[in-house]
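Asks: Before we start, here is the structure in question, set down as structure tokens.
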Amino acid sequence: MSAEVPDSTLPSERQQMDVDIACVGFGPAMGGFLTTLLRKMLNPDGTPRFESHSIPGAPLQVICYERAEGLGFGVSGAVTRGRGIRSSFPDLDLSQIPMAVPVKKEELIYLLDPSRASRRSLALRTIDRLIRAFGPLLRLPLQALELPFIPGFLNKHDGFVLSLGQFNQWVAEQLTSSGLLQIWPGTPVSQPLIEDQAVVGIRLADQGTDLSGSPETGFLPGMDIRAALTVVGDGPVGAVGRGIDSHFGLPKGHEHSEWALGMKMVIELREDSGLEPGTVLHTLGFPEPEIFGFLYAHTNRLASVGIFIPSWFRSPVRTAYRYLQHFVMHPYLWRYLKGGTLKSWGAKSLQESGRLAEPYLAGNGFARIGEGSGSTNVLRGSGIDEAWTTGTQLAEAVVELLEQNQPFTQHNLENTYVRRRRASWLEQESLTAAHSRNGFQKGVVRGLLGMALAGFTKGHLALPRHRSSNQNNSSLEDAFAGRISAEDLKRMKTEAASRGLPLHDLIMNRCGWPEIPYDGKLLVSHQDALLMGGSVQAPPGYANHVVFVRPEVCRECEAKLCVEMCSGQAITRGDEGVPQFDREKCIFCGACLWNCSAPAEGAPGNVDFRAGAGGLHSALN
Amino acid sequence: MATGYHIVVCGGIVPDPLQTLEPIETPAGPGLKNEMLLPAVLDPWSGHALYEAANLAAHSPGSKVWLVSLGAKAKLQQVMMTIAQKVSFELIAIDGPGSGFTDAHAAAELLAAAIQSIADLDRTRLLLFGGWESASRGAGVTLQLIGARLGIQDQFLGVDQLTSQPDGSFEILERIEGGRHQVSLCQGPPALLGWATGNLPEPRNNPQVGMANMRTVMPALQRAKTSTLAQSALRYQTVRPPQQQRHTRVVKDLTAEGVAQEIVEWIATD
């Protein structure tokens, strides 16, 4: 076909395009879906197996839209057992996936707090004293206790370490090279199209607007992509998944109550670091007891190091970046990381309610896969393989329905996709994990006991669930009672506001956290991490995707957790008490969505996290 | 009589300049550390050329645009997914080295041969577009060498604007010193234009353009021949990264004048 060029005048009316299957979000779940579907799209003689209903005579039309500027955007330091992935690739050769390596060594480590600045309960302080008392006996020069075993439900000894970005890229290359389906990065999807209680497709985000969304020169209304089936895999903070949740609600008793922010660095290690590729370290106890961490060693002297800040960490200054720097500098890890260079950095929200936040997995014209479908297993600390598996299960169901020429109704999808999911290991393990986090709302020690109870009894026993009332409403005064006086806090707030400084830095300094000795290579300022850790892209012509819905609510809000928790420092204290958003720094972690202190009807808070283009793009993540 | 232009855009791919690029020695010569891991983008200068080509073609009925690109097939595929929604073109892909540490003569030979092999190309209507500069490590002369091989004598570099005249001629603005332009008149195709930045914004993503392009892009990639560059006498004596651009230092309570003074001193030491 020649490329006769049409007139480039942009249509001012909303255009429409028909396809058979429209997919939203390209992550591991969509990778699993498209990989499995692709293998069934051709007959053995190479002819198309399924005819398109949207374009009669053409093969099945499958199209996938991804917000990020590239398909290798994933932010995850990943170690996975890879059961689902291996099932799709029985002859998986990890050497073909850059940075992938089998797990060689796995440790679970309790980190003591060398600076003694963290907030530790009496129980933990007692444990710490005991450990330190027996320190000489236990040989703990590195302020850490290597636990003698890793519970079976946690270990990944038969798995592999991945860079999710490289894995996604590897999968995408195989998919797109087939020419049978299309995956388009840089194309945010603003909402589902819902008619008569059925999802009939998606609407792409408007282009050529100002920051408020008003049309400007070159305005191109977001196209409507109508499809018989919409596959939703846009993650926990995706606009389409949340739009469907908003319209259809969640199943009775389900809610998005548990979140975490994962923040990581990819570090190029010094030549004599001694860290063997395939080393996997899981940590707890530091930088705060509520913050779990990890170190995964890749090939090529690269290592992923990161922490998780959970929503049940009741601190109004739970900033991730500085905690991550303290984590990196813990003596147990620093012996490997000292002299390293920051190569990449990133953050993302994790939906940690798992099965308890599972949405309607299927409805008329749509199906949900991946993390946004509640597939993450919080007991195992595993999400990628589970997400992948949901995608493969949906693809098998879709093929079954296509073969029978059956429509994608809720009834048919439940009988095929949901039935497969319910009958699989995914469901069994998801149920085991469902109540494993119940204790954490009442403290870390209790939470760990709850996890152990659920894990060792395979979910038969669990601590009672304490619903997070509003995990974000802890005031500064409450959080630091006994450590910082109310007067000092007031002074710090004034200083932070007048000097435009993050409040968390002042508070952490005051609590005894040492200042970070910047070295320009690994220990760099937050803004330098944005620049050194990849590229943060914000293509022009799109509206702001973070919107403070009711400014008067922000004016009244003292905590402004959205500012403290913003991974890219894209949200700052604005004039007159309403935060300012700079989309050119936003990495789309989505933390602002669930860290708003203000209750709002039908939404987590006063922050609307909409579809937007760009974000962090680093190949090494 | 056929109307419109046949515009061939030579567009290479480069590692995303916003990533950390670190030159290393490889058994095959100079290269970039972890080059295959780095995301690739269409060379920004070529991008301007492509968007100008599409705009010109859109306003000149009967025109066609080809994008001729030399690079590793996997990377070419990656880049196509980011630009094929923007403008219409037909891809001519050459699977080969695209590191930028290649001999411009050898690369020009491959690219010129690929252009000559385009079946329905009308050389009398040919406009050869490309980037005036390159974000790769190339010498910046490949486009001119291609033009020479194709016998195109009218060559313009640093072009910011091309205006078609009613008589079929062109008015071309080329960058010169002092932010000014040299105005040239050209009687029409065939001509070579090495674009500077042009005046066009990056086009919007249009799914329909993407759908149409992909009918040709993937087959073109599947057809792409693996090519090796002709043996070259080119040898690199030394390769070094650009000067360090970032110095992080935390200084508190420095006045604006103090910051400015520090920057001036820092630049002076560079």
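Every chain in the structure tokens has a letter given in the order shown (A, B, ...), and although residue numbers restart at 1 in each chain, ligands are simply numbered from 1 in the order shown.
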Write out as JSON, numbers by chain which residues come within 7 Å of Gly241 of chain A when counting only C-alpha atoms, dropping same-chain ones fewer than 3 positions away.
Replies: {"A": [232, 234, 238, 244, 245, 372]}
Asks: Can you check which parts of chain B lie within 8 Å of chain A? Per residue, the shortest pair of atoms and distance in Å to one decimal, counting only C-alpha atoms, sorted by chain and number, as a Markdown table.
Replies:
| residue | atom | partner | partner_atom | distance |
| --- | --- | --- | --- | --- |
| B:Leu18 | CA | A:Ser535 | CA | 5.8 |
| B:Gln19 | CA | A:Gly534 | CA | 5.6 |
| B:Thr20 | CA | A:Met532 | CA | 7.2 |
| B:Leu37 | CA | A:Ala619 | CA | 6.3 |
| B:Leu38 | CA | A:Ala619 | CA | 5.6 |
| B:Pro39 | CA | A:Ala619 | CA | 6.0 |
| B:Ala54 | CA | A:Val5 | CA | 7.4 |
| B:Asn55 | CA | A:Ser8 | CA | 6.8 |
| B:Ala57 | CA | A:Val5 | CA | 6.3 |
| B:Ala58 | CA | A:Asp7 | CA | 4.7 |
| B:His59 | CA | A:Asp7 | CA | 6.6 |
| B:Pro61 | CA | A:Val5 | CA | 7.8 |
| B:Gly62 | CA | A:Glu4 | CA | 6.9 |
| B:Ser63 | CA | A:Glu4 | CA | 6.6 |
| B:Lys64 | CA | A:Glu4 | CA | 5.4 |
| B:Val65 | CA | A:Ala3 | CA | 6.6 |
| B:Trp66 | CA | A:Ala3 | CA | 7.9 |
| B:Ala74 | CA | A:Glu173 | CA | 6.7 |
| B:Gln77 | CA | A:Ser177 | CA | 7.3 |
| B:Gln78 | CA | A:Glu173 | CA | 7.2 |
| B:Met81 | CA | A:Trp184 | CA | 5.8 |
| B:Thr82 | CA | A:Pro185 | CA | 6.2 |
| B:Ser88 | CA | A:Val5 | CA | 6.0 |
| B:Phe89 | CA | A:Ala3 | CA | 5.3 |
| B:Glu90 | CA | A:Ala3 | CA | 5.5 |
| B:Arg204 | CA | A:Gln207 | CA | 6.8 |
| B:Asn205 | CA | A:Thr187 | CA | 7.3 |
| B:Pro207 | CA | A:Met223 | CA | 7.7 |
| B:Gln208 | CA | A:Met17 | CA | 7.5 |
| B:Asn213 | CA | A:Ala3 | CA | 7.5 |
| B:Met214 | CA | A:Gly179 | CA | 7.6 |
| B:Arg215 | CA | A:Met1 | CA | 7.4 |
| B:Thr216 | CA | A:Met1 | CA | 6.5 |
| B:Met218 | CA | A:Gly179 | CA | 5.3 |
| B:Pro219 | CA | A:Gly179 | CA | 7.2 |
| B:Leu221 | CA | A:Ser177 | CA | 7.8 |
| B:Gln222 | CA | A:Ser177 | CA | 7.5 |
| B:His247 | CA | A:Gly520 | CA | 6.7 |
| B:Thr248 | CA | A:Gly520 | CA | 5.1 |
| B:Arg249 | CA | A:Tyr518 | CA | 7.5 |
| B:Val250 | CA | A:Tyr518 | CA | 7.8 |
Asks: I need the residues of segment 29-268 of chain B that end up classed as alpha helix (DSSP H) by DSSP on the backbone, written out as a PyMOL selection string.
Replies: chain B and resi 44-58+73-83+104-116+142-149+207-223+256-268
Asks: Which polymer residues have any atom within 9 Å of an atom of Pro289 of chain A, counting only C-alpha atoms, with same-chain residues fewer than 6 positions away left out, as a PyMOL selection string?
Replies: chain A and resi 118-121+124+313+444-445
Asks: Give me, please, the distance in Å between atom CA of Thr389 of chain A and atom CA of Gly84 of chain A, quoted to one decimal.
Replies: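 Atom-to-atom, atom CA of Thr389 of chain A and atom CA of Gly84 of chain A are spaced 5.2 Å apart.
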Asks: For the atom pair atom CA of Ala543 of chain A and atom CA of Ser212 of chain A, what is the interatomic distance in Å to one decimal place?
Replies: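 Going from atom CA of Ala543 of chain A over to atom CA of Ser212 of chain A covers 5.4 Å.
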Asks: As a PDB file with N, CA and C atoms, in the first residue's frame, please: every residue in segment 44-261 of chain B that a backbone DSSP assignment puts in strand (DSSP E or B).
Replies:
ATOM      1  N   LYS B  64       3.935  11.700  -1.997  1.00  0.00           N
ATOM      2  CA  LYS B  64       4.174  10.515  -1.179  1.00  0.00           C
ATOM      3  C   LYS B  64       5.419  10.743  -0.328  1.00  0.00           C
ATOM      4  N   VAL B  65       5.418  10.105   0.832  1.00  0.00           N
ATOM      5  CA  VAL B  65       6.567  10.231   1.734  1.00  0.00           C
ATOM      6  C   VAL B  65       7.089   8.834   2.048  1.00  0.00           C
ATOM      7  N   TRP B  66       8.401   8.680   1.889  1.00  0.00           N
ATOM      8  CA  TRP B  66       9.062   7.455   2.334  1.00  0.00           C
ATOM      9  C   TRP B  66      10.030   7.825   3.462  1.00  0.00           C
ATOM     10  N   LEU B  67      10.137   6.941   4.403  1.00  0.00           N
ATOM     11  CA  LEU B  67      11.147   7.110   5.460  1.00  0.00           C
ATOM     12  C   LEU B  67      12.150   5.973   5.306  1.00  0.00           C
ATOM     13  N   VAL B  68      13.377   6.310   5.002  1.00  0.00           N
ATOM     14  CA  VAL B  68      14.430   5.306   4.843  1.00  0.00           C
ATOM     15  C   VAL B  68      15.285   5.322   6.099  1.00  0.00           C
ATOM     16  N   SER B  69      15.370   4.178   6.736  1.00  0.00           N
ATOM     17  CA  SER B  69      16.028   4.167   8.040  1.00  0.00           C
ATOM     18  C   SER B  69      16.945   2.964   8.172  1.00  0.00           C
ATOM     19  N   LEU B  70      18.153   3.241   8.617  1.00  0.00           N
ATOM     20  CA  LEU B  70      19.164   2.200   8.841  1.00  0.00           C
ATOM     21  C   LEU B  70      19.361   2.038  10.339  1.00  0.00           C
ATOM     22  N   GLY B  71      19.183   0.808  10.816  1.00  0.00           N
ATOM     23  CA  GLY B  71      19.383   0.563  12.244  1.00  0.00           C
ATOM     24  C   GLY B  71      19.034  -0.868  12.573  1.00  0.00           C
ATOM     25  N   GLU B  90       5.740   5.718   4.174  1.00  0.00           N
ATOM     26  CA  GLU B  90       6.035   4.317   3.868  1.00  0.00           C
ATOM     27  C   GLU B  90       7.468   4.054   4.295  1.00  0.00           C
ATOM     28  N   LEU B  91       7.650   3.001   5.066  1.00  0.00           N
ATOM     29  CA  LEU B  91       8.975   2.730   5.629  1.00  0.00           C
ATOM     30  C   LEU B  91       9.810   1.873   4.690  1.00  0.00           C
ATOM     31  N   ILE B  92      11.053   2.274   4.516  1.00  0.00           N
ATOM     32  CA  ILE B  92      12.062   1.428   3.871  1.00  0.00           C
ATOM     33  C   ILE B  92      13.095   1.145   4.961  1.00  0.00           C
ATOM     34  N   ALA B  93      13.081  -0.055   5.476  1.00  0.00           N
ATOM     35  CA  ALA B  93      13.941  -0.372   6.620  1.00  0.00           C
ATOM     36  C   ALA B  93      15.165  -1.151   6.169  1.00  0.00           C
ATOM     37  N   ILE B  94      16.296  -0.787   6.721  1.00  0.00           N
ATOM     38  CA  ILE B  94      17.545  -1.530   6.474  1.00  0.00           C
ATOM     39  C   ILE B  94      18.069  -1.983   7.826  1.00  0.00           C
ATOM     40  N   ASP B  95      18.113  -3.288   7.991  1.00  0.00           N
ATOM     41  CA  ASP B  95      18.577  -3.842   9.267  1.00  0.00           C
ATOM     42  C   ASP B  95      20.102  -3.845   9.260  1.00  0.00           C
ATOM     43  N   LEU B 126      11.713  14.136  -6.960  1.00  0.00           N
ATOM     44  CA  LEU B 126      12.328  13.720  -5.696  1.00  0.00           C
ATOM     45  C   LEU B 126      12.821  14.904  -4.857  1.00  0.00           C
ATOM     46  N   LEU B 127      12.395  14.881  -3.608  1.00  0.00           N
ATOM     47  CA  LEU B 127      12.981  15.767  -2.597  1.00  0.00           C
ATOM     48  C   LEU B 127      13.599  14.862  -1.540  1.00  0.00           C
ATOM     49  N   LEU B 128      14.894  15.000  -1.359  1.00  0.00           N
ATOM     50  CA  LEU B 128      15.587  14.181  -0.359  1.00  0.00           C
ATOM     51  C   LEU B 128      15.727  14.997   0.920  1.00  0.00           C
ATOM     52  N   PHE B 129      15.053  14.529   1.967  1.00  0.00           N
ATOM     53  CA  PHE B 129      15.059  15.239   3.249  1.00  0.00           C
ATOM     54  C   PHE B 129      15.893  14.467   4.268  1.00  0.00           C
ATOM     55  N   GLY B 130      16.404  15.190   5.198  1.00  0.00           N
ATOM     56  CA  GLY B 130      17.089  14.557   6.317  1.00  0.00           C
ATOM     57  C   GLY B 130      17.441  15.612   7.350  1.00  0.00           C
ATOM     58  N   GLY B 131      18.160  15.190   8.358  1.00  0.00           N
ATOM     59  CA  GLY B 131      18.573  16.142   9.387  1.00  0.00           C
ATOM     60  C   GLY B 131      19.862  16.832   8.995  1.00  0.00           C
ATOM     61  N   GLN B 155      21.629  21.346  -3.115  1.00  0.00           N
ATOM     62  CA  GLN B 155      21.645  20.877  -1.723  1.00  0.00           C
ATOM     63  C   GLN B 155      21.580  22.075  -0.774  1.00  0.00           C
ATOM     64  N   PHE B 156      20.725  21.980   0.210  1.00  0.00           N
ATOM     65  CA  PHE B 156      20.524  23.075   1.175  1.00  0.00           C
ATOM     66  C   PHE B 156      20.638  22.495   2.581  1.00  0.00           C
ATOM     67  N   LEU B 157      21.382  23.194   3.405  1.00  0.00           N
ATOM     68  CA  LEU B 157      21.613  22.690   4.762  1.00  0.00           C
ATOM     69  C   LEU B 157      21.193  23.718   5.802  1.00  0.00           C
ATOM     70  N   GLY B 158      20.732  23.223   6.939  1.00  0.00           N
ATOM     71  CA  GLY B 158      20.271  24.128   7.993  1.00  0.00           C
ATOM     72  C   GLY B 158      18.962  24.785   7.619  1.00  0.00           C
ATOM     73  N   VAL B 159      18.107  24.021   6.949  1.00  0.00           N
ATOM     74  CA  VAL B 159      16.864  24.602   6.421  1.00  0.00           C
ATOM     75  C   VAL B 159      15.826  24.742   7.537  1.00  0.00           C
ATOM     76  N   ASP B 160      15.216  25.891   7.575  1.00  0.00           N
ATOM     77  CA  ASP B 160      14.131  26.125   8.528  1.00  0.00           C
ATOM     78  C   ASP B 160      12.782  26.295   7.840  1.00  0.00           C
ATOM     79  N   GLN B 161      12.811  26.566   6.547  1.00  0.00           N
ATOM     80  CA  GLN B 161      11.530  26.798   5.873  1.00  0.00           C
ATOM     81  C   GLN B 161      11.643  26.524   4.385  1.00  0.00           C
ATOM     82  N   LEU B 162      10.629  25.873   3.863  1.00  0.00           N
ATOM     83  CA  LEU B 162      10.524  25.612   2.423  1.00  0.00           C
ATOM     84  C   LEU B 162       9.151  26.094   1.984  1.00  0.00           C
ATOM     85  N   THR B 163       9.121  26.972   1.006  1.00  0.00           N
ATOM     86  CA  THR B 163       7.841  27.493   0.529  1.00  0.00           C
ATOM     87  C   THR B 163       7.735  27.223  -0.968  1.00  0.00           C
ATOM     88  N   SER B 164       6.663  26.551  -1.359  1.00  0.00           N
ATOM     89  CA  SER B 164       6.431  26.289  -2.788  1.00  0.00           C
ATOM     90  C   SER B 164       5.889  27.553  -3.446  1.00  0.00           C
ATOM     91  N   PHE B 170      10.973  26.734  -5.416  1.00  0.00           N
ATOM     92  CA  PHE B 170      10.967  26.803  -3.949  1.00  0.00           C
ATOM     93  C   PHE B 170      11.699  28.050  -3.472  1.00  0.00           C
ATOM     94  N   GLU B 171      11.194  28.577  -2.373  1.00  0.00           N
ATOM     95  CA  GLU B 171      11.987  29.538  -1.621  1.00  0.00           C
ATOM     96  C   GLU B 171      12.438  28.820  -0.358  1.00  0.00           C
ATOM     97  N   ILE B 172      13.730  28.850  -0.109  1.00  0.00           N
ATOM     98  CA  ILE B 172      14.289  28.064   0.997  1.00  0.00           C
ATOM     99  C   ILE B 172      15.058  28.978   1.942  1.00  0.00           C
ATOM    100  N   LEU B 173      14.789  28.861   3.226  1.00  0.00           N
ATOM    101  CA  LEU B 173      15.514  29.628   4.233  1.00  0.00           C
ATOM    102  C   LEU B 173      16.518  28.713   4.931  1.00  0.00           C
ATOM    103  N   GLU B 174      17.794  29.066   4.805  1.00  0.00           N
ATOM    104  CA  GLU B 174      18.858  28.307   5.479  1.00  0.00           C
ATOM    105  C   GLU B 174      19.437  29.150   6.602  1.00  0.00           C
ATOM    106  N   ARG B 175      19.751  28.499   7.697  1.00  0.00           N
ATOM    107  CA  ARG B 175      20.316  29.230   8.839  1.00  0.00           C
ATOM    108  C   ARG B 175      21.734  29.709   8.535  1.00  0.00           C
ATOM    109  N   HIS B 181      18.687  34.171   8.325  1.00  0.00           N
ATOM    110  CA  HIS B 181      18.537  33.134   7.304  1.00  0.00           C
ATOM    111  C   HIS B 181      19.046  33.632   5.948  1.00  0.00           C
ATOM    112  N   GLN B 182      19.575  32.709   5.201  1.00  0.00           N
ATOM    113  CA  GLN B 182      19.895  32.983   3.799  1.00  0.00           C
ATOM    114  C   GLN B 182      18.720  32.512   2.964  1.00  0.00           C
ATOM    115  N   VAL B 183      18.252  33.384   2.086  1.00  0.00           N
ATOM    116  CA  VAL B 183      17.098  33.040   1.254  1.00  0.00           C
ATOM    117  C   VAL B 183      17.610  32.570  -0.103  1.00  0.00           C
ATOM    118  N   SER B 184      17.199  31.387  -0.498  1.00  0.00           N
ATOM    119  CA  SER B 184      17.604  30.851  -1.799  1.00  0.00           C
ATOM    120  C   SER B 184      16.373  30.509  -2.611  1.00  0.00           C
ATOM    121  N   LEU B 185      16.527  30.592  -3.889  1.00  0.00           N
ATOM    122  CA  LEU B 185      15.459  30.144  -4.783  1.00  0.00           C
ATOM    123  C   LEU B 185      15.957  28.924  -5.527  1.00  0.00           C
ATOM    124  N   CYS B 186      15.100  27.951  -5.660  1.00  0.00           N
ATOM    125  CA  CYS B 186      15.470  26.701  -6.321  1.00  0.00           C
ATOM    126  C   CYS B 186      14.358  26.400  -7.304  1.00  0.00           C
ATOM    127  N   ALA B 191      15.912  17.973  -5.268  1.00  0.00           N
ATOM    128  CA  ALA B 191      16.696  18.812  -4.373  1.00  0.00           C
ATOM    129  C   ALA B 191      16.898  18.069  -3.060  1.00  0.00           C
ATOM    130  N   LEU B 192      17.946  18.472  -2.372  1.00  0.00           N
ATOM    131  CA  LEU B 192      18.254  17.881  -1.059  1.00  0.00           C
ATOM    132  C   LEU B 192      18.121  18.968   0.000  1.00  0.00           C
ATOM    133  N   LEU B 193      17.408  18.657   1.051  1.00  0.00           N
ATOM    134  CA  LEU B 193      17.249  19.611   2.141  1.00  0.00           C
ATOM    135  C   LEU B 193      17.611  18.967   3.477  1.00  0.00           C
ATOM    136  N   GLY B 194      18.670  19.483   4.074  1.00  0.00           N
ATOM    137  CA  GLY B 194      19.041  19.044   5.424  1.00  0.00           C
ATOM    138  C   GLY B 194      18.413  19.996   6.422  1.00  0.00           C
ATOM    139  N   TRP B 195      17.441  19.513   7.146  1.00  0.00           N
ATOM    140  CA  TRP B 195      16.622  20.396   7.982  1.00  0.00           C
ATOM    141  C   TRP B 195      17.287  20.720   9.304  1.00  0.00           C
ATOM    142  N   LYS B 225      16.329  -6.216   4.807  1.00  0.00           N
ATOM    143  CA  LYS B 225      17.514  -7.063   4.618  1.00  0.00           C
ATOM    144  C   LYS B 225      18.569  -6.676   5.642  1.00  0.00           C
ATOM    145  N   THR B 226      19.201  -7.720   6.145  1.00  0.00           N
ATOM    146  CA  THR B 226      20.324  -7.451   7.037  1.00  0.00           C
ATOM    147  C   THR B 226      21.519  -7.070   6.187  1.00  0.00           C
TER     148      THR B 226
END
Asks: Which residues are near Thr572 of chain A? Cut-off 12 Å, only C-alpha atoms, ignore same chain within fewer than 3 positions. Put them as a list of chain:residue names.
Replies: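 Answer for this query is A:Ala496, A:Ala497, A:Gly500, A:Leu501, A:Pro502, A:Leu503, A:Lys560, A:Leu561, A:Cys562, A:Val563, A:Glu564, A:Met565, A:Cys566, A:Ser567, A:Gly568, A:Gln569, A:Asp575, A:Glu576, A:Gly577, A:Val578, A:Pro579, A:Gln580, A:Phe581, A:Asp582, A:Arg583, A:Lys585, A:Cys586, A:Cys592.
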Asks: Those residues with N, CA and C atoms, as an mmCIF file, in the first residue's frame please?
Replies:
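To be explicit, this is the file written out as selection30.cif:
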data_model
loop_
_atom_site.group_PDB
_atom_site.id
_atom_site.type_symbol
_atom_site.label_atom_id
_atom_site.label_comp_id
_atom_site.auth_asym_id
_atom_site.auth_seq_id
_atom_site.Cartn_x
_atom_site.Cartn_y
_atom_site.Cartn_z
ATOM 1 N N ALA A 496 9.336 25.812 56.525
ATOM 2 C CA ALA A 496 9.180 25.076 55.263
ATOM 3 C C ALA A 496 8.379 25.900 54.269
ATOM 4 N N ALA A 497 7.306 26.527 54.763
ATOM 5 C CA ALA A 497 6.456 27.310 53.865
ATOM 6 C C ALA A 497 7.203 28.521 53.330
ATOM 7 N N GLY A 500 10.113 27.362 51.055
ATOM 8 C CA GLY A 500 9.743 26.433 49.983
ATOM 9 C C GLY A 500 10.410 25.092 50.122
ATOM 10 N N LEU A 501 10.702 24.699 51.373
ATOM 11 C CA LEU A 501 11.385 23.419 51.601
ATOM 12 C C LEU A 501 10.371 22.326 51.919
ATOM 13 N N PRO A 502 10.714 21.100 51.617
ATOM 14 C CA PRO A 502 9.838 20.005 52.047
ATOM 15 C C PRO A 502 9.876 19.893 53.573
ATOM 16 N N LEU A 503 8.722 19.767 54.154
ATOM 17 C CA LEU A 503 8.649 19.686 55.607
ATOM 18 C C LEU A 503 9.318 18.414 56.128
ATOM 19 N N LYS A 560 -1.366 18.280 53.863
ATOM 20 C CA LYS A 560 -0.928 18.284 52.460
ATOM 21 C C LYS A 560 0.000 17.108 52.169
ATOM 22 N N LEU A 561 -0.531 15.935 52.482
ATOM 23 C CA LEU A 561 0.242 14.712 52.230
ATOM 24 C C LEU A 561 0.566 14.537 50.759
ATOM 25 N N CYS A 562 -0.289 15.079 49.901
ATOM 26 C CA CYS A 562 -0.034 14.954 48.463
ATOM 27 C C CYS A 562 1.319 15.568 48.123
ATOM 28 N N VAL A 563 1.672 16.658 48.810
ATOM 29 C CA VAL A 563 2.957 17.314 48.565
ATOM 30 C C VAL A 563 4.090 16.455 49.117
ATOM 31 N N GLU A 564 3.915 15.998 50.343
ATOM 32 C CA GLU A 564 4.971 15.225 51.001
ATOM 33 C C GLU A 564 5.247 13.909 50.272
ATOM 34 N N MET A 565 4.202 13.327 49.716
ATOM 35 C CA MET A 565 4.313 11.979 49.158
ATOM 36 C C MET A 565 4.624 11.979 47.663
ATOM 37 N N CYS A 566 4.610 13.139 47.046
ATOM 38 C CA CYS A 566 4.785 13.185 45.587
ATOM 39 C C CYS A 566 6.185 12.704 45.208
ATOM 40 N N SER A 567 6.251 11.658 44.429
ATOM 41 C CA SER A 567 7.542 11.022 44.125
ATOM 42 C C SER A 567 8.448 11.892 43.278
ATOM 43 N N GLY A 568 7.877 12.764 42.473
ATOM 44 C CA GLY A 568 8.702 13.579 41.592
ATOM 45 C C GLY A 568 8.785 15.025 42.028
ATOM 46 N N GLN A 569 8.265 15.326 43.205
ATOM 47 C CA GLN A 569 8.154 16.718 43.659
ATOM 48 C C GLN A 569 7.418 17.561 42.618
ATOM 49 N N ASP A 575 0.179 28.793 46.031
ATOM 50 C CA ASP A 575 -0.324 30.014 46.645
ATOM 51 C C ASP A 575 -1.686 29.748 47.268
ATOM 52 N N GLU A 576 -1.967 30.444 48.313
ATOM 53 C CA GLU A 576 -3.268 30.418 48.961
ATOM 54 C C GLU A 576 -3.689 29.014 49.393
ATOM 55 N N GLY A 577 -2.709 28.167 49.637
ATOM 56 C CA GLY A 577 -3.033 26.877 50.232
ATOM 57 C C GLY A 577 -3.463 25.796 49.270
ATOM 58 N N VAL A 578 -3.573 26.112 47.996
ATOM 59 C CA VAL A 578 -3.951 25.082 47.020
ATOM 60 C C VAL A 578 -2.679 24.588 46.339
ATOM 61 N N PRO A 579 -2.400 23.274 46.409
ATOM 62 C CA PRO A 579 -1.162 22.771 45.815
ATOM 63 C C PRO A 579 -1.066 23.089 44.326
ATOM 64 N N GLN A 580 0.185 23.220 43.881
ATOM 65 C CA GLN A 580 0.433 23.435 42.457
ATOM 66 C C GLN A 580 0.951 22.132 41.866
ATOM 67 N N PHE A 581 0.552 21.885 40.635
ATOM 68 C CA PHE A 581 0.986 20.663 39.967
ATOM 69 C C PHE A 581 1.805 21.030 38.743
ATOM 70 N N ASP A 582 2.982 20.386 38.621
ATOM 71 C CA ASP A 582 3.855 20.594 37.465
ATOM 72 C C ASP A 582 3.948 19.267 36.717
ATOM 73 N N ARG A 583 3.214 19.176 35.622
ATOM 74 C CA ARG A 583 3.141 17.881 34.933
ATOM 75 C C ARG A 583 4.489 17.456 34.344
ATOM 76 N N LYS A 585 7.144 17.191 35.849
ATOM 77 C CA LYS A 585 7.907 16.406 36.822
ATOM 78 C C LYS A 585 7.169 15.149 37.247
ATOM 79 N N CYS A 586 5.951 14.986 36.800
ATOM 80 C CA CYS A 586 5.144 13.864 37.280
ATOM 81 C C CYS A 586 5.616 12.555 36.657
ATOM 82 N N CYS A 592 -0.494 10.587 44.903
ATOM 83 C CA CYS A 592 -1.375 11.685 45.322
ATOM 84 C C CYS A 592 -2.823 11.209 45.420
#
